[in-house]
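One file, data_34.cif, is given below (mmCIF, C-alpha atoms and all ligand atoms).
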```cif
data_input
#
loop_
_atom_site.label_atom_id
_atom_site.label_comp_id
_atom_site.auth_asym_id
_atom_site.auth_seq_id
_atom_site.Cartn_x
_atom_site.Cartn_y
_atom_site.Cartn_z
CA MET A 18 -6.58 -14.58 -16.17
CA SER A 19 -5.11 -12.88 -13.11
CA LEU A 20 -6.25 -9.37 -12.23
CA PHE A 21 -2.69 -8.16 -12.64
CA LYS A 22 -2.35 -9.67 -16.12
CA GLN A 23 -5.60 -7.96 -17.17
CA HIS A 24 -4.22 -4.73 -15.73
CA ILE A 25 -0.97 -5.01 -17.70
CA ASP A 26 -2.87 -5.85 -20.91
CA HIS A 27 -4.95 -2.72 -20.33
CA LEU A 28 -1.82 -0.59 -19.82
CA ILE A 29 -0.28 -2.01 -23.00
CA ASP A 30 -3.45 -1.14 -24.90
CA GLN A 31 -3.81 2.37 -23.42
CA THR A 32 -0.12 3.22 -23.80
CA THR A 33 -0.05 1.96 -27.40
CA ARG A 34 -3.00 4.24 -28.21
CA ALA A 35 -1.38 7.18 -26.39
CA LEU A 36 1.87 6.75 -28.34
CA GLU A 37 0.02 6.43 -31.64
CA ALA A 38 -2.00 9.56 -30.94
CA THR A 39 1.08 11.58 -30.03
CA GLY A 40 3.46 10.29 -32.69
CA TYR A 41 5.99 8.42 -30.52
CA ASP A 42 7.42 4.96 -31.23
CA GLY A 43 8.22 4.08 -27.64
CA LEU A 44 8.52 5.23 -24.07
CA TRP A 45 10.99 5.12 -21.18
CA ILE A 46 9.69 5.51 -17.64
CA TYR A 47 12.19 6.13 -14.85
CA SER A 48 11.34 5.11 -11.27
CA GLY A 49 13.35 7.99 -9.83
CA HIS A 50 15.97 7.81 -7.11
CA PRO A 51 16.53 9.53 -3.76
CA GLU A 52 18.53 12.75 -3.77
CA ASN A 53 20.40 13.94 -0.70
CA ASN A 54 19.25 16.91 1.33
CA PHE A 55 21.14 20.18 0.92
CA LEU A 56 24.73 19.89 2.28
CA ASP A 57 23.91 16.46 3.66
CA ASP A 58 24.48 12.79 2.93
CA MET A 59 20.93 11.90 3.99
CA ALA A 60 17.98 11.71 1.59
CA PRO A 61 14.28 12.24 2.36
CA PRO A 62 11.97 9.23 1.87
CA HIS A 63 11.78 8.52 -1.83
CA SER A 64 8.48 8.83 -3.66
CA ILE A 65 8.43 6.64 -6.76
CA ASN A 66 7.33 8.00 -10.14
CA PRO A 67 3.60 7.15 -10.24
CA HIS A 68 3.87 6.18 -13.93
CA PHE A 69 6.48 3.57 -13.01
CA LYS A 70 4.40 2.05 -10.23
CA TRP A 71 1.38 1.96 -12.54
CA TRP A 72 3.28 -0.92 -14.21
CA VAL A 73 5.61 -2.26 -11.53
CA PRO A 74 4.02 -2.90 -8.11
CA VAL A 75 7.20 -2.59 -6.03
CA PRO A 76 6.91 0.67 -4.09
CA HIS A 77 10.55 0.72 -2.81
CA VAL A 78 12.22 0.32 -6.22
CA THR A 79 14.67 3.05 -7.25
CA SER A 80 16.98 3.79 -10.19
CA SER A 81 15.03 1.40 -12.44
CA VAL A 82 13.64 1.93 -15.92
CA LEU A 83 10.70 0.58 -17.85
CA HIS A 84 10.92 0.43 -21.64
CA PHE A 85 7.70 0.13 -23.60
CA LYS A 86 7.46 -0.28 -27.34
CA PRO A 87 4.21 -1.41 -28.96
CA GLY A 88 4.36 -5.04 -30.11
CA GLN A 89 7.19 -6.04 -27.79
CA GLN A 90 7.09 -7.33 -24.21
CA PRO A 91 7.71 -4.44 -21.79
CA ILE A 92 11.25 -4.50 -20.41
CA VAL A 93 12.10 -3.58 -16.82
CA TYR A 94 15.71 -2.72 -16.04
CA LEU A 95 15.58 -3.50 -12.33
CA HIS A 96 18.35 -1.87 -10.35
CA GLN A 97 19.87 -4.20 -7.75
CA PRO A 98 23.30 -2.86 -6.88
CA ALA A 99 25.99 -4.74 -5.00
CA ASP A 100 25.61 -2.83 -1.72
CA PHE A 101 26.75 -3.81 1.76
CA TRP A 102 25.20 -0.69 3.35
CA HIS A 103 21.61 -1.47 2.41
CA LYS A 104 19.44 -4.52 2.09
CA VAL A 105 19.03 -5.35 -1.59
CA VAL A 106 15.74 -7.14 -2.20
CA ASP A 107 15.51 -9.33 -5.28
CA ASN A 108 12.11 -8.63 -6.84
CA SER A 109 12.98 -10.15 -10.19
CA GLN A 110 11.26 -13.45 -9.30
CA ASP A 111 8.03 -11.87 -7.97
CA LYS A 112 4.72 -12.83 -9.62
CA TRP A 113 4.41 -9.48 -11.43
CA ALA A 114 7.75 -10.12 -13.15
CA ARG A 115 6.41 -12.92 -15.34
CA TYR A 116 4.63 -10.34 -17.53
CA PHE A 117 7.84 -8.42 -18.24
CA ASP A 118 11.25 -9.01 -19.65
CA VAL A 119 13.10 -8.26 -16.39
CA ARG A 120 16.80 -7.45 -16.69
CA VAL A 121 18.62 -7.07 -13.40
CA VAL A 122 21.09 -4.20 -13.49
CA GLY A 123 23.91 -4.18 -10.94
CA HIS A 124 25.34 -0.82 -11.95
CA TYR A 125 24.19 2.29 -13.80
CA ARG A 126 26.76 1.41 -16.50
CA GLU A 127 24.57 -1.56 -17.44
CA LEU A 128 21.55 0.60 -18.25
CA PRO A 129 20.90 0.85 -21.99
CA ASP A 130 21.77 3.88 -24.06
CA PHE A 131 18.45 5.71 -23.87
CA THR A 132 19.29 7.91 -26.85
CA ALA A 133 19.85 4.88 -29.13
CA GLU A 134 16.11 4.29 -29.61
CA ASP A 135 14.50 6.60 -32.15
CA ASN A 136 11.49 8.76 -31.45
CA HIS A 137 11.03 7.86 -27.79
CA ALA A 138 9.59 9.86 -24.92
CA TRP A 139 10.92 9.91 -21.36
CA ILE A 140 8.78 10.21 -18.23
CA GLY A 141 10.62 10.99 -15.05
CA ALA A 142 11.55 13.69 -12.54
CA ASP A 143 14.57 15.90 -13.03
CA GLU A 144 17.18 13.68 -11.31
CA LEU A 145 17.67 11.81 -14.62
CA GLN A 146 16.54 13.16 -18.00
CA PRO A 147 18.71 11.84 -20.82
CA LEU A 148 16.52 12.83 -23.78
CA ALA A 149 15.90 16.17 -25.46
CA GLU A 150 13.67 18.55 -23.53
CA LYS A 151 10.83 18.28 -26.03
CA ASP A 152 10.67 14.49 -25.49
CA THR A 153 10.98 14.70 -21.72
CA ASN A 154 7.60 14.51 -20.01
CA PRO A 155 5.84 15.74 -23.19
CA GLU A 156 2.61 17.31 -22.00
CA ILE A 157 0.57 15.92 -24.87
CA LEU A 158 1.56 12.33 -23.97
CA LEU A 159 1.10 12.90 -20.24
CA HIS A 160 -2.46 14.14 -20.89
CA HIS A 161 -3.29 10.89 -22.71
CA LEU A 162 -1.80 8.71 -19.99
CA HIS A 163 -3.29 10.75 -17.12
CA PHE A 164 -6.71 10.61 -18.71
CA ALA A 165 -6.35 6.82 -19.02
CA ARG A 166 -5.53 6.63 -15.31
CA ILE A 167 -8.96 8.01 -14.33
CA GLN A 168 -10.79 4.75 -14.99
CA LYS A 169 -9.31 2.01 -12.88
CA THR A 170 -8.79 -1.65 -13.76
CA ASP A 171 -10.18 -4.39 -11.49
CA TYR A 172 -6.66 -4.87 -10.17
CA GLU A 173 -6.40 -1.19 -9.19
CA ILE A 174 -9.83 -1.25 -7.54
CA HIS A 175 -8.69 -4.34 -5.61
CA CYS A 176 -5.54 -2.51 -4.46
CA ILE A 177 -7.42 0.60 -3.32
CA GLY A 178 -9.91 -1.70 -1.55
CA GLN A 179 -7.03 -3.45 0.27
CA ALA A 180 -5.55 -0.08 1.21
CA ASN A 181 -8.97 0.82 2.66
CA GLU A 182 -9.06 -2.44 4.69
CA LEU A 183 -5.69 -1.60 6.17
CA ALA A 184 -6.62 2.01 6.89
CA LEU A 185 -9.88 0.97 8.56
CA LYS A 186 -7.90 -1.18 11.04
CA GLY A 187 -5.88 1.93 11.83
CA HIS A 188 -9.02 4.03 12.20
CA ALA A 189 -10.53 1.54 14.67
CA ALA A 190 -7.34 1.61 16.78
CA ALA A 191 -7.14 5.41 16.64
CA LYS A 192 -10.76 5.76 17.77
CA GLN A 193 -10.06 3.55 20.78
CA ALA A 194 -6.88 5.50 21.58
CA PHE A 195 -8.89 8.76 21.53
CA TYR A 196 -11.49 7.45 23.96
CA ASP A 197 -8.61 6.17 26.15
CA GLY A 198 -7.39 9.77 26.42
CA LEU A 199 -4.08 9.38 24.56
CA SER A 200 -2.17 12.25 22.93
CA GLU A 201 -2.18 13.03 19.21
CA PHE A 202 1.28 11.47 18.94
CA GLU A 203 0.18 8.31 20.74
CA ILE A 204 -3.00 8.04 18.68
CA ASN A 205 -0.90 8.22 15.52
CA MET A 206 1.38 5.46 16.84
CA ALA A 207 -1.70 3.29 17.53
CA TYR A 208 -2.88 3.97 13.97
CA LEU A 209 0.42 2.99 12.37
CA GLN A 210 0.76 -0.09 14.55
CA ALA A 211 -2.71 -1.32 13.57
CA CYS A 212 -2.00 -0.73 9.85
CA GLN A 213 1.43 -2.32 10.21
CA GLN A 214 2.88 0.52 8.15
CA GLY A 215 5.39 3.22 9.05
CA GLN A 216 4.72 6.91 8.49
CA ASN A 217 6.96 6.84 5.40
CA GLN A 218 4.73 4.20 3.82
CA MET A 219 1.60 6.29 4.36
CA PRO A 220 0.35 7.95 1.18
CA TYR A 221 0.31 11.34 2.98
CA GLY A 222 1.10 12.79 6.38
CA ASN A 223 -1.56 11.62 8.83
CA ILE A 224 -3.79 14.36 10.20
CA VAL A 225 -4.45 13.56 13.88
CA ALA A 226 -6.20 16.50 15.51
CA LEU A 227 -7.76 16.96 18.96
CA ASN A 228 -10.12 19.71 20.17
CA GLU A 229 -9.73 22.95 18.18
CA ASN A 230 -7.05 21.43 15.87
CA PRO A 231 -9.47 19.93 13.28
CA ALA A 232 -9.97 23.56 12.18
CA VAL A 233 -6.49 23.38 10.63
CA LEU A 234 -7.33 21.57 7.39
CA HIS A 235 -3.94 19.87 6.91
CA TYR A 236 -2.94 19.88 10.60
CA GLN A 237 0.58 18.44 10.53
CA TYR A 238 1.66 18.68 14.16
CA GLN A 239 1.24 15.81 16.61
CA SER A 240 1.26 16.99 20.19
CA HIS A 241 2.72 14.71 22.88
CA GLN A 242 0.43 16.35 25.43
CA ARG A 243 -2.38 14.22 26.78
CA ILE A 244 -5.53 16.27 27.39
CA ALA A 245 -7.41 15.68 30.65
CA LYS A 246 -10.62 13.78 29.96
CA ASP A 247 -12.80 16.60 31.29
CA GLN A 248 -11.17 18.86 28.66
CA LEU A 249 -11.31 16.44 25.73
CA LYS A 250 -13.91 17.46 23.14
CA SER A 251 -13.27 16.25 19.60
CA PHE A 252 -11.03 14.14 17.39
CA LEU A 253 -10.55 14.31 13.63
CA ILE A 254 -8.31 11.78 11.89
CA ASP A 255 -7.55 11.91 8.16
CA ALA A 256 -5.28 8.97 7.42
CA GLY A 257 -4.84 6.36 4.71
CA ALA A 258 -2.64 3.40 3.93
CA ASP A 259 -0.77 2.01 0.95
CA TYR A 260 -1.25 -1.22 -0.95
CA ASN A 261 1.06 -1.94 -3.90
CA GLY A 262 1.49 1.79 -4.39
CA TYR A 263 -2.25 2.61 -4.27
CA ALA A 264 -3.70 4.93 -1.63
CA ALA A 265 -6.63 5.01 0.75
CA ASP A 266 -7.73 8.43 2.05
CA ILE A 267 -10.25 8.24 4.88
CA THR A 268 -11.43 10.78 7.48
CA ARG A 269 -13.49 10.27 10.61
CA THR A 270 -14.55 12.68 13.36
CA TYR A 271 -15.60 11.81 16.92
CA ALA A 272 -17.01 13.65 19.93
CA PHE A 273 -15.69 12.73 23.38
CA GLN A 274 -19.04 13.32 25.07
CA PRO A 275 -22.64 13.12 23.86
CA GLY A 276 -24.13 16.54 23.12
CA ARG A 277 -24.63 19.03 20.33
CA PHE A 278 -21.28 18.41 18.62
CA ALA A 279 -21.91 14.64 18.63
CA GLU A 280 -25.32 15.31 17.08
CA MET A 281 -23.77 17.56 14.46
CA ILE A 282 -21.41 14.73 13.49
CA LEU A 283 -24.38 12.40 13.05
CA LEU A 284 -26.18 14.88 10.82
CA MET A 285 -23.01 15.50 8.78
CA ASP A 286 -22.65 11.75 8.39
CA GLU A 287 -26.21 11.53 7.01
CA LYS A 288 -25.45 14.32 4.52
CA GLN A 289 -22.15 12.68 3.54
CA GLN A 290 -23.99 9.44 2.81
CA LEU A 291 -26.54 11.32 0.69
CA LEU A 292 -23.69 12.81 -1.31
CA CYS A 293 -22.16 9.33 -1.75
CA GLN A 294 -25.51 8.10 -3.11
CA GLN A 295 -25.51 10.91 -5.67
CA ALA A 296 -21.90 10.29 -6.75
CA VAL A 297 -22.71 7.94 -9.62
CA ALA A 298 -21.63 7.63 -13.25
CA GLY A 299 -22.67 10.71 -15.21
CA ALA A 300 -23.11 12.97 -12.18
CA ASP A 301 -21.58 16.44 -12.42
CA TYR A 302 -19.04 16.77 -9.60
CA VAL A 303 -19.24 20.59 -9.55
CA ALA A 304 -23.02 20.34 -9.04
CA LEU A 305 -22.38 17.78 -6.29
CA HIS A 306 -19.98 20.21 -4.63
CA ASP A 307 -22.73 22.88 -4.73
CA GLN A 308 -25.11 20.33 -3.21
CA ALA A 309 -22.59 19.71 -0.43
CA HIS A 310 -22.63 23.45 0.33
CA LEU A 311 -26.43 23.33 0.56
CA TYR A 312 -26.34 20.33 2.93
CA ILE A 313 -23.67 21.91 5.12
CA SER A 314 -25.66 25.13 5.28
CA GLU A 315 -28.70 23.08 6.32
CA VAL A 316 -26.65 21.52 9.12
CA LEU A 317 -25.43 24.95 10.23
CA LYS A 318 -28.98 26.31 10.18
CA GLU A 319 -30.31 23.32 12.11
CA PHE A 320 -27.76 23.96 14.88
CA GLY A 321 -28.41 27.71 14.90
CA VAL A 322 -25.04 28.79 13.48
CA LEU A 323 -26.64 30.36 10.40
CA THR A 324 -29.94 32.19 10.31
CA CYS A 325 -30.29 32.47 6.51
CA ASP A 326 -31.60 29.77 4.19
CA PRO A 327 -29.08 27.36 2.58
CA GLU A 328 -29.49 28.82 -0.95
CA THR A 329 -28.58 32.28 0.32
CA ALA A 330 -25.59 30.87 2.23
CA LEU A 331 -24.31 29.24 -0.98
CA GLU A 332 -25.03 32.13 -3.34
CA SER A 333 -23.59 34.81 -1.06
CA GLY A 334 -20.42 32.76 -0.47
CA LEU A 335 -21.12 32.58 3.27
CA SER A 336 -20.96 28.77 3.33
CA GLN A 337 -17.33 28.94 2.06
CA THR A 338 -16.28 30.22 5.48
CA PHE A 339 -17.41 26.94 7.02
CA PHE A 340 -16.48 24.61 4.12
CA PRO A 341 -13.46 26.14 2.38
CA HIS A 342 -12.10 23.06 0.58
CA GLY A 343 -13.34 20.89 -2.28
CA LEU A 344 -15.74 17.97 -1.93
CA GLY A 345 -13.02 15.54 -3.06
CA HIS A 346 -10.69 14.32 -5.75
CA TYR A 347 -9.59 11.35 -7.81
CA LEU A 348 -7.72 8.70 -5.84
CA GLY A 349 -5.25 6.08 -7.04
CA LEU A 350 -1.48 5.94 -7.41
CA GLN A 351 -1.50 9.46 -6.00
CA VAL A 352 -3.73 10.70 -3.20
CA HIS A 353 -4.80 13.65 -5.27
CA ASP A 354 -4.77 11.64 -8.46
CA VAL A 355 -4.20 13.23 -11.86
CA ALA A 356 -6.57 14.60 -14.52
CA GLY A 357 -9.10 16.25 -12.20
CA HIS A 358 -9.14 19.47 -14.22
CA VAL A 359 -9.41 18.21 -17.82
CA SER A 360 -12.30 16.95 -19.86
CA ASP A 361 -10.59 14.68 -22.40
CA GLU A 362 -7.36 12.87 -23.26
CA LYS A 363 -6.06 15.91 -25.12
CA GLY A 364 -6.04 17.80 -21.84
CA THR A 365 -8.76 20.29 -22.73
CA PRO A 366 -8.87 22.44 -19.57
CA ASN A 367 -11.84 22.15 -17.27
CA PRO A 368 -10.85 24.52 -14.47
CA PRO A 369 -12.81 24.89 -11.22
CA PRO A 370 -15.39 27.69 -11.21
CA ALA A 371 -14.22 30.96 -9.65
CA ARG A 372 -16.50 30.42 -6.64
CA HIS A 373 -14.83 27.07 -5.82
CA PRO A 374 -11.10 27.60 -6.50
CA PHE A 375 -9.97 24.61 -4.42
CA LEU A 376 -12.17 22.01 -6.12
CA ARG A 377 -9.77 19.33 -7.41
CA LEU A 378 -12.28 17.49 -9.61
CA THR A 379 -14.54 19.25 -12.09
CA ASP A 380 -15.58 16.56 -14.54
CA GLN A 381 -18.65 14.40 -14.97
CA LEU A 382 -18.05 11.23 -12.98
CA ARG A 383 -16.93 8.30 -15.10
CA GLU A 384 -17.57 4.64 -14.41
CA ARG A 385 -14.63 2.98 -12.65
CA ALA A 386 -13.13 6.27 -11.50
CA VAL A 387 -12.21 6.18 -7.81
CA ILE A 388 -12.96 9.39 -5.95
CA THR A 389 -13.25 10.73 -2.42
CA VAL A 390 -16.38 12.31 -0.97
CA GLU A 391 -15.29 14.46 1.96
CA PRO A 392 -17.62 17.24 3.04
CA GLY A 393 -16.56 19.16 6.12
CA VAL A 394 -17.76 21.89 8.42
CA TYR A 395 -15.18 23.92 10.35
CA PHE A 396 -14.90 26.79 12.78
CA ILE A 397 -11.69 28.44 11.56
CA PRO A 398 -10.81 31.64 13.47
CA MET A 399 -8.93 33.18 10.52
CA LEU A 400 -11.91 32.78 8.15
CA LEU A 401 -14.50 33.76 10.77
CA GLU A 402 -12.54 36.97 11.40
CA GLN A 403 -13.08 37.91 7.74
CA ILE A 404 -16.89 37.88 8.16
CA LYS A 405 -16.89 39.25 11.71
CA GLY A 406 -20.30 40.66 12.65
CA HIS A 407 -22.12 39.08 9.66
CA ASP A 408 -25.80 39.33 10.53
CA ALA A 409 -26.72 35.86 9.20
CA VAL A 410 -24.34 34.25 11.72
CA ASN A 411 -25.21 33.62 15.35
CA TRP A 412 -21.84 34.44 16.96
CA GLU A 413 -22.74 32.96 20.34
CA VAL A 414 -23.30 29.60 18.69
CA VAL A 415 -20.00 30.00 16.79
CA ASP A 416 -18.28 30.47 20.15
CA GLU A 417 -19.95 27.29 21.40
CA PHE A 418 -18.43 25.24 18.53
CA LEU A 419 -14.98 26.88 18.18
CA PRO A 420 -13.34 24.58 20.80
CA TYR A 421 -14.34 21.53 18.71
CA GLY A 422 -12.53 22.67 15.54
CA GLY A 423 -14.71 20.97 12.97
CA ILE A 424 -15.92 17.84 11.25
CA ARG A 425 -14.81 16.03 8.11
CA ILE A 426 -16.08 12.66 6.94
CA GLU A 427 -14.33 11.09 3.97
CA ASP A 428 -14.97 7.86 2.08
CA ASN A 429 -13.48 6.35 -1.09
CA LEU A 430 -15.94 5.42 -3.85
CA VAL A 431 -15.70 3.37 -7.03
CA ILE A 432 -18.01 5.13 -9.45
CA GLN A 433 -20.66 2.93 -11.00
CA GLN A 434 -24.01 3.31 -12.75
CA GLY A 435 -26.96 3.65 -10.37
CA GLN A 436 -25.05 3.07 -7.14
CA SER A 437 -21.34 3.43 -6.55
CA GLU A 438 -19.32 1.13 -4.34
CA ASN A 439 -18.14 2.59 -1.05
CA LEU A 440 -14.77 1.03 -0.14
CA SER A 441 -14.55 2.74 3.26
CA ARG A 442 -17.68 1.50 5.04
N1 LIG B 1 -5.87 13.71 3.04
C1 LIG B 1 -5.86 14.72 2.07
C2 LIG B 1 -7.19 14.87 1.47
O1 LIG B 1 -8.16 14.41 2.02
O2 LIG B 1 -7.35 15.39 0.41
MN MN B 2 -8.13 12.87 3.46
MN MN B 3 -9.07 13.42 0.34
#
```

This entry written out as structure tokens:
Amino acid sequence: MSLFKQHIDHLIDQTTRALEATGYDGLWIYSGHPENNFLDDMAPPHSINPHFKWWVPVPHVTSSVLHFKPGQQPIVYLHQPADFWHKVVDNSQDKWARYFDVRVVGHYRELPDFTAEDNHAWIGADELQPLAEKDTNPEILLHHLHFARIQKTDYEIHCIGQANELALKGHAAAKQAFYDGLSEFEINMAYLQACQQGQNQMPYGNIVALNENPAVLHYQYQSHQRIAKDQLKSFLIDAGADYNGYAADITRTYAFQPGRFAEMILLMDEKQQLLCQQAVAGADYVALHDQAHLYISEVLKEFGVLTCDPETALESGLSQTFFPHGLGHYLGLQVHDVAGHVSDEKGTPNPPPARHPFLRLTDQLRERAVITVEPGVYFIPMLLEQIKGHDAVNWEVVDEFLPYGGIRIEDNLVIQQGQSENLSR
């Protein structure tokens, strides 16, 4: 049986259970459609409803609807308008389509009457919501479906693996472009070229940061300025790729010259790999995040940035200054995939502890979940200012590292018993 067929059988099974548990007889899922910018006839790039692309692996589809009713073949109303302005691609004969009843729709008029089916739910963003409010994105149903999305099918793991393969080609090209002395903008172009994907296909805005810029966690600017080689210090790139609507999310950091920063990257890489080894089925991700703080504090002590022991750095909150984000998150149809803060399909809240407000994943790790492991250490002027003069910090050493910005190393893991699979190495 094909991986995709197994995947669809799994979705039929999971969705049937979710509908039974929440008292619905059926479900509509709308792909979404682009909406024009304010006072404009141009629309931003469209991001498809993740629930729709869970079923239908055509990332550019718009204005289409999936109808699921237990016991009947899922129907896809595939919108293919007569349009001489845009290229209309016929996906109705693709391989995926053989598992659906595909009905090509040339005009909105040909869509079914969504209100004619009794006791249905609707999942879709606010550009089209034909059902009553209580049946539109009902939270109770979303919790069931989001919880089901945590554990990936073999097909999904294959897709995230392929996205990683693509992204790793981009990362190799970007590394070369950095050592060639190119600008952030040019490095990003080299990345996209090697992945053979445009920026709009990327699962998130690429972070391409030279010298002090890695200290901006979601650095979104790409300078055209080349930096003279005797001034080049560091390069952080956080960039993924897309495969059938599934994301990769990988970060690498490089030093331009050998020296203390290059050695710090090596030590961070060792610690990151230790964390990956511990990210196995049953592990507590909050405890792993605490462990990351201890490792990072060890690195900072080793390089003379901190003078206190790692436990004190964690307990006093000092390590947060240098590692202010979470260790990682679920990955899948969305970069920050759903259900990171619940502990069951009913959506019982499992919020991050007060000391780690930005931790996106708080659960015990489940087999077949795909997660990121992305520890970082940064020299962020705004956060350092808040602890100015702290006596457990060697401020001369901080000044030494400020021009390098920071380090993040991020891999994508399929959680398994004993040893998880790293898709990014
Ligand atoms: N690229 C966004 C993240 O790593 O979470
Ligand atoms: Mn990332
Ligand atoms: Mn990430």

Surrounding residues as a VMD selection string, ligand MN 2 (chain B), max 9 Å, only C-alpha atoms and all ligand atoms:
chain A and resid 221 223 to 224 235 254 to 257 265 to 268 345 352 389 391 425 to 428

So the first atom is CA of His63 in chain A and the second is CA of Asp107 in chain A; what is the distance between them in Å, to one decimal place?
18.6 Å

Measuring between all atoms listed in the file, which one of A:Gln237, A:Gln248, A:Gln295, A:Gln168 shows the shortest distance to Glu384 in chain A?
A:Gln168

From the list A:Ser80, A:Gln294, A:Gln239, A:Asn54, which residue is nearest Gln433 in chain A when using only C-alpha atoms?
A:Gln294

Minimum-distance residue to ligand LIG 1 (chain B), chosen among A:Thr329, A:Thr324, A:Ser109, A:Asn429 (using only C-alpha atoms and all ligand atoms)
A:Asn429

Report the closest atom pair, with its distance in Å rounded to one decimal, for each residue of range 132-232 of chain A that has an atom no farther than 12 Å from range 396-404 of chain A; count all atoms listed in the file, sort by chain and then rising residue number, and write it as CSV.
```
residue,atom,partner,partner_atom,distance
A:Asn228,CA,A:Phe396,CA,11.3
A:Glu229,CA,A:Phe396,CA,8.4
A:Asn230,CA,A:Ile397,CA,9.4
A:Pro231,CA,A:Phe396,CA,8.8
A:Ala232,CA,A:Ile397,CA,5.2
```

Put those residues in a file: C-alpha atoms, as a PDB file, in the coordinates of the input.
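Contents of the output file part15.pdb:
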```pdb
ATOM      1  CA  ASN A 228     -10.120  19.710  20.170  1.00  0.00           C
ATOM      2  CA  GLU A 229      -9.730  22.950  18.180  1.00  0.00           C
ATOM      3  CA  ASN A 230      -7.050  21.430  15.870  1.00  0.00           C
ATOM      4  CA  PRO A 231      -9.470  19.930  13.280  1.00  0.00           C
ATOM      5  CA  ALA A 232      -9.970  23.560  12.180  1.00  0.00           C
TER       6      ALA A 232
END
```

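Here CA of Ala133 in chain A and CA of Thr32 in chain A stand 20.7 Å from one another.
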
I'd like the neighbourhood of Pro67 in chain A as an NGL selection string, where a residue qualifies if any of its atoms comes within 12 Å (using only C-alpha atoms), though same-chain residues fewer than 3 positions away should be ignored.
:A and (46-49 or 63-64 or 70-76 or 78 or 140-142 or 159 or 162-163 or 166 or 220 or 261-264 or 349-355)

Of the residues A:Val410, A:Ile282, A:Leu331, A:Ala356, which is the one nearest to Lys318 in chain A, using all atoms listed in the file?
A:Val410

Written coordinates, N, CA, C and O atoms of range 120-131 of chain A as an mmCIF file, in the first residue's frame:
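File part-v4.cif, as written:
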```
data_model
loop_
_atom_site.group_PDB
_atom_site.id
_atom_site.type_symbol
_atom_site.label_atom_id
_atom_site.label_comp_id
_atom_site.auth_asym_id
_atom_site.auth_seq_id
_atom_site.Cartn_x
_atom_site.Cartn_y
_atom_site.Cartn_z
ATOM 1 N N ARG A 120 -14.278 16.494 -7.496
ATOM 2 C CA ARG A 120 -15.264 17.168 -8.355
ATOM 3 C C ARG A 120 -14.723 18.550 -8.718
ATOM 4 O O ARG A 120 -14.592 19.411 -7.843
ATOM 5 N N VAL A 121 -14.387 18.707 -9.982
ATOM 6 C CA VAL A 121 -13.816 19.988 -10.418
ATOM 7 C C VAL A 121 -14.932 21.030 -10.471
ATOM 8 O O VAL A 121 -16.011 20.780 -11.005
ATOM 9 N N VAL A 122 -14.630 22.181 -9.882
ATOM 10 C CA VAL A 122 -15.615 23.256 -9.775
ATOM 11 C C VAL A 122 -15.074 24.454 -10.556
ATOM 12 O O VAL A 122 -13.998 24.963 -10.257
ATOM 13 N N GLY A 123 -15.806 24.884 -11.556
ATOM 14 C CA GLY A 123 -15.339 26.004 -12.385
ATOM 15 C C GLY A 123 -15.737 27.342 -11.802
ATOM 16 O O GLY A 123 -15.133 28.371 -12.091
ATOM 17 N N HIS A 124 -16.774 27.337 -10.975
ATOM 18 C CA HIS A 124 -17.265 28.615 -10.433
ATOM 19 C C HIS A 124 -17.824 28.367 -9.034
ATOM 20 O O HIS A 124 -18.329 27.286 -8.742
ATOM 21 N N TYR A 125 -17.749 29.408 -8.199
ATOM 22 C CA TYR A 125 -18.261 29.270 -6.826
ATOM 23 C C TYR A 125 -19.697 28.753 -6.807
ATOM 24 O O TYR A 125 -20.100 28.043 -5.891
ATOM 25 N N ARG A 126 -20.477 29.152 -7.849
ATOM 26 C CA ARG A 126 -21.886 28.725 -7.921
ATOM 27 C C ARG A 126 -22.024 27.203 -7.862
ATOM 28 O O ARG A 126 -23.040 26.686 -7.444
ATOM 29 N N GLU A 127 -20.970 26.507 -8.327
ATOM 30 C CA GLU A 127 -21.058 25.041 -8.406
ATOM 31 C C GLU A 127 -20.687 24.353 -7.090
ATOM 32 O O GLU A 127 -20.752 23.131 -6.989
ATOM 33 N N LEU A 128 -20.285 25.142 -6.105
ATOM 34 C CA LEU A 128 -20.016 24.544 -4.789
ATOM 35 C C LEU A 128 -21.340 24.086 -4.183
ATOM 36 O O LEU A 128 -22.394 24.676 -4.471
ATOM 37 N N PRO A 129 -21.311 23.044 -3.365
ATOM 38 C CA PRO A 129 -22.577 22.565 -2.789
ATOM 39 C C PRO A 129 -23.131 23.561 -1.768
ATOM 40 O O PRO A 129 -22.425 24.465 -1.338
ATOM 41 N N ASP A 130 -24.372 23.337 -1.404
ATOM 42 C CA ASP A 130 -24.972 24.137 -0.336
ATOM 43 C C ASP A 130 -24.483 23.556 0.993
ATOM 44 O O ASP A 130 -24.913 22.475 1.401
ATOM 45 N N PHE A 131 -23.578 24.274 1.638
ATOM 46 C CA PHE A 131 -22.941 23.728 2.844
ATOM 47 C C PHE A 131 -23.929 23.560 3.995
ATOM 48 O O PHE A 131 -23.707 22.762 4.891
#
```
